[in-house]
file entry-v3.cif (mmCIF, C-alpha atoms)
data_entry
#
loop_
_atom_site.group_PDB
_atom_site.id
_atom_site.type_symbol
_atom_site.label_atom_id
_atom_site.label_comp_id
_atom_site.auth_asym_id
_atom_site.auth_seq_id
_atom_site.Cartn_x
_atom_site.Cartn_y
_atom_site.Cartn_z
ATOM 1 C CA MET A 10 -25.895 -41.043 74.054
ATOM 2 C CA LYS A 11 -27.243 -44.580 73.964
ATOM 3 C CA VAL A 12 -30.591 -45.689 75.340
ATOM 4 C CA LYS A 13 -32.426 -48.986 75.683
ATOM 5 C CA SER A 14 -34.034 -49.917 72.395
ATOM 6 C CA ARG A 15 -37.500 -49.740 73.995
ATOM 7 C CA THR A 16 -36.820 -46.092 74.876
ATOM 8 C CA LEU A 17 -36.583 -45.300 71.148
ATOM 9 C CA LEU A 18 -40.337 -45.871 70.917
ATOM 10 C CA ILE A 19 -41.127 -43.233 73.536
ATOM 11 C CA ILE A 20 -38.666 -40.814 71.907
ATOM 12 C CA ALA A 21 -40.443 -41.382 68.582
ATOM 13 C CA SER A 22 -43.772 -40.867 70.335
ATOM 14 C CA PHE A 23 -42.762 -37.473 71.723
ATOM 15 C CA VAL A 24 -41.118 -36.309 68.486
ATOM 16 C CA TRP A 25 -44.174 -37.225 66.402
ATOM 17 C CA MET A 26 -46.679 -35.770 68.867
ATOM 18 C CA ILE A 27 -44.750 -32.500 69.143
ATOM 19 C CA ALA A 28 -44.470 -32.243 65.354
ATOM 20 C CA GLY A 29 -48.149 -33.104 64.927
ATOM 21 C CA PHE A 30 -49.221 -30.586 67.567
ATOM 22 C CA ASN A 31 -47.225 -27.796 65.912
ATOM 23 C CA ILE A 32 -48.584 -28.582 62.442
ATOM 24 C CA VAL A 33 -52.173 -28.755 63.754
ATOM 25 C CA ARG A 34 -51.632 -25.423 65.536
ATOM 26 C CA ILE A 35 -50.568 -23.774 62.256
ATOM 27 C CA GLY A 36 -53.549 -25.305 60.455
ATOM 28 C CA LEU A 37 -56.045 -24.221 63.096
ATOM 29 C CA GLN A 38 -54.667 -20.673 63.100
ATOM 30 C CA ALA A 39 -55.268 -20.551 59.348
ATOM 31 C CA TYR A 40 -58.771 -21.987 59.865
ATOM 32 C CA GLN A 41 -59.797 -18.822 61.738
ATOM 33 C CA ASN A 42 -60.513 -17.171 58.387
ATOM 34 C CA HIS A 43 -61.380 -20.255 56.341
ATOM 35 C CA LEU A 44 -63.676 -22.463 58.407
ATOM 36 C CA SER A 45 -66.125 -24.187 56.080
ATOM 37 C CA LEU A 46 -67.683 -27.599 55.654
ATOM 38 C CA LEU A 47 -65.601 -28.075 52.483
ATOM 39 C CA ASN A 48 -62.312 -27.360 54.276
ATOM 40 C CA VAL A 49 -63.215 -29.633 57.189
ATOM 41 C CA GLY A 50 -64.023 -32.387 54.699
ATOM 42 C CA LEU A 51 -60.713 -31.786 52.927
ATOM 43 C CA SER A 52 -58.904 -32.008 56.284
ATOM 44 C CA VAL A 53 -60.527 -35.399 56.870
ATOM 45 C CA ILE A 54 -59.423 -36.577 53.415
ATOM 46 C CA VAL A 55 -55.841 -35.347 54.006
ATOM 47 C CA PHE A 56 -55.822 -37.087 57.398
ATOM 48 C CA CYS A 57 -57.056 -40.376 55.904
ATOM 49 C CA LEU A 58 -54.555 -40.288 53.058
ATOM 50 C CA PHE A 59 -51.576 -39.608 55.323
ATOM 51 C CA TRP A 60 -52.699 -41.944 58.111
ATOM 52 C CA PHE A 61 -53.759 -44.987 56.113
ATOM 53 C CA LEU A 62 -51.285 -44.756 53.232
ATOM 54 C CA ILE A 63 -48.171 -43.536 55.049
ATOM 55 C CA PHE A 64 -47.973 -42.989 58.802
ATOM 56 C CA HIS A 65 -49.730 -46.090 60.139
ATOM 57 C CA LYS A 66 -47.478 -48.311 58.007
ATOM 58 C CA LEU A 67 -44.430 -46.256 58.967
ATOM 59 C CA VAL A 68 -45.128 -46.694 62.699
ATOM 60 C CA ILE A 69 -45.438 -50.460 62.233
ATOM 61 C CA LYS A 70 -42.217 -50.585 60.168
ATOM 62 C CA HIS A 71 -40.182 -48.577 62.678
ATOM 63 C CA THR A 72 -41.618 -50.414 65.677
ATOM 64 C CA ILE A 73 -40.589 -53.758 64.160
ATOM 65 C CA ARG A 74 -37.122 -52.388 63.355
ATOM 66 C CA ILE A 75 -36.702 -51.044 66.897
ATOM 67 C CA ARG A 76 -37.960 -54.261 68.495
ATOM 68 C CA ASN A 77 -35.468 -56.238 66.431
ATOM 69 C CA TYR A 78 -32.639 -54.393 68.168
ATOM 70 C CA GLY A 79 -33.456 -56.514 71.226
ATOM 71 C CA ASP A 80 -31.979 -55.346 74.529
ATOM 72 C CA GLU A 81 -28.934 -53.775 72.918
ATOM 73 C CA LYS A 82 -28.600 -50.046 73.615
ATOM 74 C CA GLN A 83 -28.876 -47.767 70.588
ATOM 75 C CA LEU A 84 -28.069 -44.155 69.791
ATOM 76 C CA PHE A 85 -31.095 -42.080 70.785
ATOM 77 C CA ILE A 86 -31.622 -40.843 67.190
ATOM 78 C CA LYS A 87 -32.169 -44.392 65.903
ATOM 79 C CA PHE A 88 -35.912 -44.060 66.401
ATOM 80 C CA PHE A 89 -35.723 -43.263 62.661
ATOM 81 C CA ASP A 90 -33.575 -44.684 59.915
ATOM 82 C CA VAL A 91 -31.565 -42.463 57.551
ATOM 83 C CA LYS A 92 -34.246 -42.548 54.827
ATOM 84 C CA SER A 93 -36.891 -41.323 57.271
ATOM 85 C CA PHE A 94 -34.695 -38.461 58.490
ATOM 86 C CA ILE A 95 -34.179 -37.365 54.877
ATOM 87 C CA ILE A 96 -37.936 -37.494 54.210
ATOM 88 C CA MET A 97 -38.625 -35.557 57.416
ATOM 89 C CA ALA A 98 -36.057 -32.876 56.481
ATOM 90 C CA PHE A 99 -37.587 -32.575 53.000
ATOM 91 C CA MET A 100 -41.129 -32.262 54.406
ATOM 92 C CA MET A 101 -40.081 -29.628 56.939
ATOM 93 C CA THR A 102 -38.166 -27.613 54.351
ATOM 94 C CA PHE A 103 -41.005 -27.826 51.838
ATOM 95 C CA GLY A 104 -43.582 -26.852 54.474
ATOM 96 C CA ILE A 105 -41.570 -23.859 55.657
ATOM 97 C CA LEU A 106 -41.007 -22.698 52.066
ATOM 98 C CA ILE A 107 -44.705 -23.005 51.222
ATOM 99 C CA ARG A 108 -45.647 -20.744 54.120
ATOM 100 C CA SER A 109 -42.746 -18.275 54.053
ATOM 101 C CA LEU A 110 -42.938 -17.728 50.269
ATOM 102 C CA SER A 111 -46.763 -17.765 50.248
ATOM 103 C CA LEU A 112 -46.791 -20.539 47.644
ATOM 104 C CA ALA A 113 -50.208 -21.772 48.781
ATOM 105 C CA PRO A 114 -53.320 -19.909 49.875
ATOM 106 C CA GLU A 115 -54.124 -19.759 53.565
ATOM 107 C CA SER A 116 -57.212 -21.923 52.988
ATOM 108 C CA PHE A 117 -54.902 -24.707 51.741
ATOM 109 C CA ILE A 118 -52.693 -24.310 54.817
ATOM 110 C CA ALA A 119 -55.825 -24.585 56.975
ATOM 111 C CA PHE A 120 -57.150 -27.886 55.678
ATOM 112 C CA PHE A 121 -53.854 -29.509 54.665
ATOM 113 C CA TYR A 122 -51.876 -28.756 57.820
ATOM 114 C CA THR A 123 -54.773 -29.696 60.084
ATOM 115 C CA GLY A 124 -55.254 -33.091 58.416
ATOM 116 C CA LEU A 125 -51.511 -33.757 58.225
ATOM 117 C CA GLY A 126 -50.919 -32.646 61.822
ATOM 118 C CA VAL A 127 -53.646 -34.874 63.246
ATOM 119 C CA ALA A 128 -52.169 -37.854 61.349
ATOM 120 C CA LEU A 129 -48.690 -37.031 62.695
ATOM 121 C CA PHE A 130 -50.037 -36.688 66.235
ATOM 122 C CA LEU A 131 -51.859 -40.014 65.953
ATOM 123 C CA ALA A 132 -48.621 -41.654 64.790
ATOM 124 C CA GLY A 133 -47.003 -40.329 67.974
ATOM 125 C CA ILE A 134 -49.793 -41.827 70.044
ATOM 126 C CA LEU A 135 -49.344 -45.187 68.312
ATOM 127 C CA PHE A 136 -45.590 -45.123 68.997
ATOM 128 C CA GLY A 137 -46.476 -44.478 72.665
ATOM 129 C CA ILE A 138 -48.914 -47.384 72.695
ATOM 130 C CA ASN A 139 -46.212 -49.587 71.196
ATOM 131 C CA TYR A 140 -43.822 -48.448 73.922
ATOM 132 C CA PHE A 141 -46.210 -49.741 76.577
ATOM 133 C CA LYS A 142 -46.807 -52.984 74.661
ATOM 134 C CA TYR A 143 -43.055 -53.630 74.317
ATOM 135 C CA PRO A 144 -41.963 -56.255 76.857
ATOM 136 C CA ILE A 145 -39.940 -55.006 79.816
ATOM 137 C CA ASN A 146 -36.980 -57.236 80.639
#

call {"tool": "encode", "arguments": {"input": "entry-v3.cif", "output": "C-alpha cells"}}
result
Amino acid sequence: MKVKSRTLLIIASFVWMIAGFNIVRIGLQAYQNHLSLLNVGLSVIVFCLFWFLIFHKLVIKHTIRIRNYGDEKQLFIKFFDVKSFIIMAFMMTFGILIRSLSLAPESFIAFFYTGLGVALFLAGILFGINYFKYPIN
C-alpha cells in the first residue's frame, strides 16, 4: 500500500507515540513501588540522553529523508529505513527479554522505561509537528 510521502510523517508520529506511551505505562507501573527523588532524577537523565543524543537527531534525519521523496508515493513502511527497523526490533526484543527474564530490578524498569518512553513519545510529537510543517501541494 503506497501513501503520499507526507503521510509517512504522520504514520511515524503515531507509531512513535504509541510505542512511547506503552513504554511509559510500563515504567509508571513499576514506579508504584519505587517512587523516589533518585529514580525521578534518573528518569530525567535517561530522557535527556535518549532525546538529545538519539531521538531528536533521528527525527530530523528521517524527516529530511521523507521530504526528499517529494510527491512520489511510497510504501507505508518507509517512514523508517532498514537500519532503523533493525534497531527497533533489537530494542523491542532486548526490552521484552529484560522484563520477562527478570534481568533488571523493577526499580531500573521504573526509571529507565519512564525516561525512554517520554523521549519516544516526544519523538512522535515532533514527527507530527513536521507533518504539519510539510508543504501541502

call {"tool": "residues_around", "arguments": {"input": "entry-v3.cif", "residues": "range 35-44 of chain A", "least_positions_apart": "6", "cutoff": "7 Å", "atoms": "only C-alpha atoms", "output": "PDB file with C-alpha atoms, in the coordinates of the input"}}
result
ATOM      1  CA  GLU A 115     -54.124 -19.759  53.565  1.00  0.00           C
ATOM      2  CA  SER A 116     -57.212 -21.923  52.988  1.00  0.00           C
ATOM      3  CA  ILE A 118     -52.693 -24.310  54.817  1.00  0.00           C
ATOM      4  CA  ALA A 119     -55.825 -24.585  56.975  1.00  0.00           C
ATOM      5  CA  PHE A 120     -57.150 -27.886  55.678  1.00  0.00           C
ATOM      6  CA  TYR A 122     -51.876 -28.756  57.820  1.00  0.00           C
ATOM      7  CA  THR A 123     -54.773 -29.696  60.084  1.00  0.00           C
TER       8      THR A 123
END

call {"tool": "closest_residue", "arguments": {"input": "entry-v3.cif", "among": "A:Tyr140, A:Phe85, A:Phe59, A:Phe30", "to": "Lys11 in chain A", "atoms": "only C-alpha atoms"}}
result
A:Phe85

call {"tool": "closest_residue", "arguments": {"input": "entry-v3.cif", "among": "A:Ala98, A:Leu106, A:Ala21, A:Ala113", "to": "Leu67 in chain A", "atoms": "only C-alpha atoms"}}
result
A:Ala21

call {"tool": "atom_distance", "arguments": {"input": "entry-v3.cif", "atom1": "CA of Phe64 in chain A", "atom2": "CA of Gly133 in chain A"}}
result
9.6 Å

call {"tool": "axis_aligned_box", "arguments": {"input": "entry-v3.cif", "around": "range 27-46 of chain A", "padding_each_side": "8 Å", "output": "lines of an AutoDock Vina configuration file"}}
result
center_x = -56.1
center_y = -25.1
center_z = 62.4
size_x = 39.2
size_y = 31.9
size_z = 29.5

call {"tool": "residues_around", "arguments": {"input": "entry-v3.cif", "residues": "Leu18 in chain A", "least_positions_apart": "4", "cutoff": "12 Å", "atoms": "all atoms listed in the file", "output": "NGL selection string"}}
result
:A and (12-14 or 22-25 or 68-76 or 78 or 83 or 85-89 or 132-143)

call {"tool": "atom_distance", "arguments": {"input": "entry-v3.cif", "atom1": "CA of Met100 in chain A", "atom2": "CA of Ser45 in chain A"}}
result
26.3 Å

call {"tool": "atom_distance", "arguments": {"input": "entry-v3.cif", "atom1": "CA of Thr16 in chain A", "atom2": "CA of Leu62 in chain A"}}
result
26.1 Å

call {"tool": "residues_around", "arguments": {"input": "entry-v3.cif", "residues": "Trp60 in chain A", "least_positions_apart": "6", "cutoff": "9 Å", "atoms": "only C-alpha atoms", "output": "ChimeraX atom specification"}}
result
/A:66,125,127-129,131-132

call {"tool": "write_last_selection", "arguments": {"input": "entry-v3.cif", "atoms": "C-alpha atoms", "output": "PDB file, in the frame of the given file"}}
result
ATOM      1  CA  LYS A  66     -47.478 -48.311  58.007  1.00  0.00           C
ATOM      2  CA  LEU A 125     -51.511 -33.757  58.225  1.00  0.00           C
ATOM      3  CA  VAL A 127     -53.646 -34.874  63.246  1.00  0.00           C
ATOM      4  CA  ALA A 128     -52.169 -37.854  61.349  1.00  0.00           C
ATOM      5  CA  LEU A 129     -48.690 -37.031  62.695  1.00  0.00           C
ATOM      6  CA  LEU A 131     -51.859 -40.014  65.953  1.00  0.00           C
ATOM      7  CA  ALA A 132     -48.621 -41.654  64.790  1.00  0.00           C
TER       8      ALA A 132
END

call {"tool": "resolve_selection", "arguments": {"input": "entry-v3.cif", "expression": "the PyMOL selection byres ((chain A and resi 55) around 8)", "output": "number ranges by chain"}}
result
A: 51-54, 56-59, 120-121, 124-125

call {"tool": "closest_residue", "arguments": {"input": "entry-v3.cif", "among": "A:Asn31, A:Asn77, A:Ser109, A:Thr102", "to": "Leu17 in chain A", "atoms": "all atoms listed in the file"}}
result
A:Asn77

call {"tool": "decode", "arguments": {"input": "entry-v3.cif", "residues": "range 40-88 of chain A", "atoms": "N, CA and C atoms", "output": "CSV table (one decimal), in the first residue's frame"}}
result
chain,number,residue,atom,x,y,z
A,40,TYR,N,7.0,2.2,38.8
A,40,TYR,CA,7.2,3.3,39.8
A,40,TYR,C,6.3,3.1,41.0
A,41,GLN,N,5.2,2.4,40.9
A,41,GLN,CA,4.3,2.3,42.1
A,41,GLN,C,5.0,1.9,43.4
A,42,ASN,N,6.0,1.0,43.2
A,42,ASN,CA,6.8,0.5,44.4
A,42,ASN,C,8.2,1.2,44.5
A,43,HIS,N,8.5,2.1,43.6
A,43,HIS,CA,9.9,2.6,43.6
A,43,HIS,C,10.0,4.1,43.4
A,44,LEU,N,8.9,4.8,43.8
A,44,LEU,CA,9.0,6.3,43.6
A,44,LEU,C,9.9,6.9,44.6
A,45,SER,N,10.9,7.6,44.1
A,45,SER,CA,11.9,8.3,44.9
A,45,SER,C,12.5,9.4,44.1
A,46,LEU,N,13.0,10.4,44.8
A,46,LEU,CA,13.7,11.5,44.1
A,46,LEU,C,14.8,11.0,43.2
A,47,LEU,N,15.6,10.0,43.7
A,47,LEU,CA,16.7,9.5,42.9
A,47,LEU,C,16.2,8.9,41.6
A,48,ASN,N,15.1,8.1,41.7
A,48,ASN,CA,14.6,7.4,40.5
A,48,ASN,C,14.0,8.5,39.5
A,49,VAL,N,13.4,9.5,40.0
A,49,VAL,CA,12.8,10.5,39.1
A,49,VAL,C,14.0,11.3,38.4
A,50,GLY,N,15.0,11.5,39.2
A,50,GLY,CA,16.2,12.2,38.6
A,50,GLY,C,16.9,11.3,37.6
A,51,LEU,N,16.9,10.0,37.8
A,51,LEU,CA,17.5,9.0,36.8
A,51,LEU,C,16.6,9.0,35.6
A,52,SER,N,15.3,9.1,35.8
A,52,SER,CA,14.4,9.1,34.6
A,52,SER,C,14.7,10.4,33.7
A,53,VAL,N,14.9,11.5,34.4
A,53,VAL,CA,15.2,12.7,33.7
A,53,VAL,C,16.6,12.6,32.9
A,54,ILE,N,17.5,11.9,33.5
A,54,ILE,CA,18.8,11.7,32.8
A,54,ILE,C,18.6,10.8,31.6
A,55,VAL,N,17.9,9.7,31.8
A,55,VAL,CA,17.6,8.7,30.7
A,55,VAL,C,16.9,9.5,29.6
A,56,PHE,N,15.9,10.3,29.9
A,56,PHE,CA,15.2,11.0,28.9
A,56,PHE,C,16.2,11.9,28.1
A,57,CYS,N,17.0,12.7,28.9
A,57,CYS,CA,17.9,13.6,28.2
A,57,CYS,C,18.9,12.9,27.3
A,58,LEU,N,19.4,11.8,27.8
A,58,LEU,CA,20.4,11.0,26.9
A,58,LEU,C,19.7,10.6,25.7
A,59,PHE,N,18.5,9.9,25.8
A,59,PHE,CA,17.9,9.4,24.6
A,59,PHE,C,17.4,10.5,23.7
A,60,TRP,N,16.8,11.6,24.3
A,60,TRP,CA,16.3,12.6,23.4
A,60,TRP,C,17.4,13.4,22.7
A,61,PHE,N,18.4,13.9,23.4
A,61,PHE,CA,19.3,14.8,22.8
A,61,PHE,C,20.4,14.0,22.0
A,62,LEU,N,20.7,12.8,22.4
A,62,LEU,CA,21.8,12.1,21.7
A,62,LEU,C,21.3,11.2,20.6
A,63,ILE,N,20.0,10.8,20.6
A,63,ILE,CA,19.5,9.8,19.7
A,63,ILE,C,18.2,10.3,18.9
A,64,PHE,N,17.1,10.4,19.7
A,64,PHE,CA,15.8,10.6,19.0
A,64,PHE,C,15.6,11.9,18.3
A,65,HIS,N,16.1,13.0,18.9
A,65,HIS,CA,15.9,14.3,18.2
A,65,HIS,C,16.6,14.3,16.9
A,66,LYS,N,17.8,13.8,16.8
A,66,LYS,CA,18.6,13.7,15.6
A,66,LYS,C,17.9,12.7,14.6
A,67,LEU,N,17.4,11.6,15.1
A,67,LEU,CA,16.8,10.6,14.3
A,67,LEU,C,15.5,11.2,13.6
A,68,VAL,N,14.7,12.0,14.3
A,68,VAL,CA,13.5,12.6,13.8
A,68,VAL,C,13.9,13.5,12.6
A,69,ILE,N,15.0,14.3,12.9
A,69,ILE,CA,15.4,15.2,11.8
A,69,ILE,C,15.9,14.4,10.6
A,70,LYS,N,16.7,13.4,10.8
A,70,LYS,CA,17.2,12.6,9.7
A,70,LYS,C,16.1,12.0,8.9
A,71,HIS,N,15.1,11.4,9.6
A,71,HIS,CA,14.1,10.7,8.8
A,71,HIS,C,13.1,11.7,8.2
A,72,THR,N,12.9,12.8,8.8
A,72,THR,CA,12.1,13.9,8.2
A,72,THR,C,12.7,14.4,6.9
A,73,ILE,N,14.0,14.6,6.9
A,73,ILE,CA,14.7,15.0,5.7
A,73,ILE,C,14.6,14.0,4.6
A,74,ARG,N,14.9,12.7,5.0
A,74,ARG,CA,14.8,11.6,4.0
A,74,ARG,C,13.4,11.5,3.4
A,75,ILE,N,12.4,11.6,4.3
A,75,ILE,CA,11.0,11.6,3.8
A,75,ILE,C,10.7,12.7,2.9
A,76,ARG,N,11.1,13.9,3.3
A,76,ARG,CA,10.8,15.1,2.4
A,76,ARG,C,11.5,15.0,1.1
A,77,ASN,N,12.6,14.4,1.0
A,77,ASN,CA,13.4,14.2,-0.2
A,77,ASN,C,12.7,13.3,-1.2
A,78,TYR,N,11.7,12.5,-0.7
A,78,TYR,CA,10.9,11.7,-1.7
A,78,TYR,C,10.1,12.6,-2.6
A,79,GLY,N,9.8,13.8,-2.2
A,79,GLY,CA,9.0,14.7,-3.0
A,79,GLY,C,7.5,14.2,-2.9
A,80,ASP,N,6.8,14.4,-4.1
A,80,ASP,CA,5.4,14.0,-4.1
A,80,ASP,C,5.2,12.5,-4.5
A,81,GLU,N,6.3,11.8,-4.7
A,81,GLU,CA,6.1,10.4,-5.1
A,81,GLU,C,5.6,9.6,-4.0
A,82,LYS,N,4.6,8.7,-4.3
A,82,LYS,CA,4.0,7.8,-3.3
A,82,LYS,C,5.0,6.8,-2.9
A,83,GLN,N,5.0,6.4,-1.6
A,83,GLN,CA,5.9,5.5,-1.0
A,83,GLN,C,5.2,4.4,-0.3
A,84,LEU,N,5.8,3.2,-0.1
A,84,LEU,CA,5.2,2.2,0.7
A,84,LEU,C,5.1,2.7,2.1
A,85,PHE,N,4.0,2.4,2.8
A,85,PHE,CA,3.7,3.0,4.1
A,85,PHE,C,4.7,2.7,5.1
A,86,ILE,N,5.5,1.6,5.0
A,86,ILE,CA,6.5,1.3,6.0
A,86,ILE,C,7.8,2.1,5.8
A,87,LYS,N,7.9,2.9,4.8
A,87,LYS,CA,9.1,3.7,4.5
A,87,LYS,C,9.2,4.9,5.4
A,88,PHE,N,8.4,5.0,6.5
A,88,PHE,CA,8.7,6.0,7.5
A,88,PHE,C,10.0,5.8,8.2
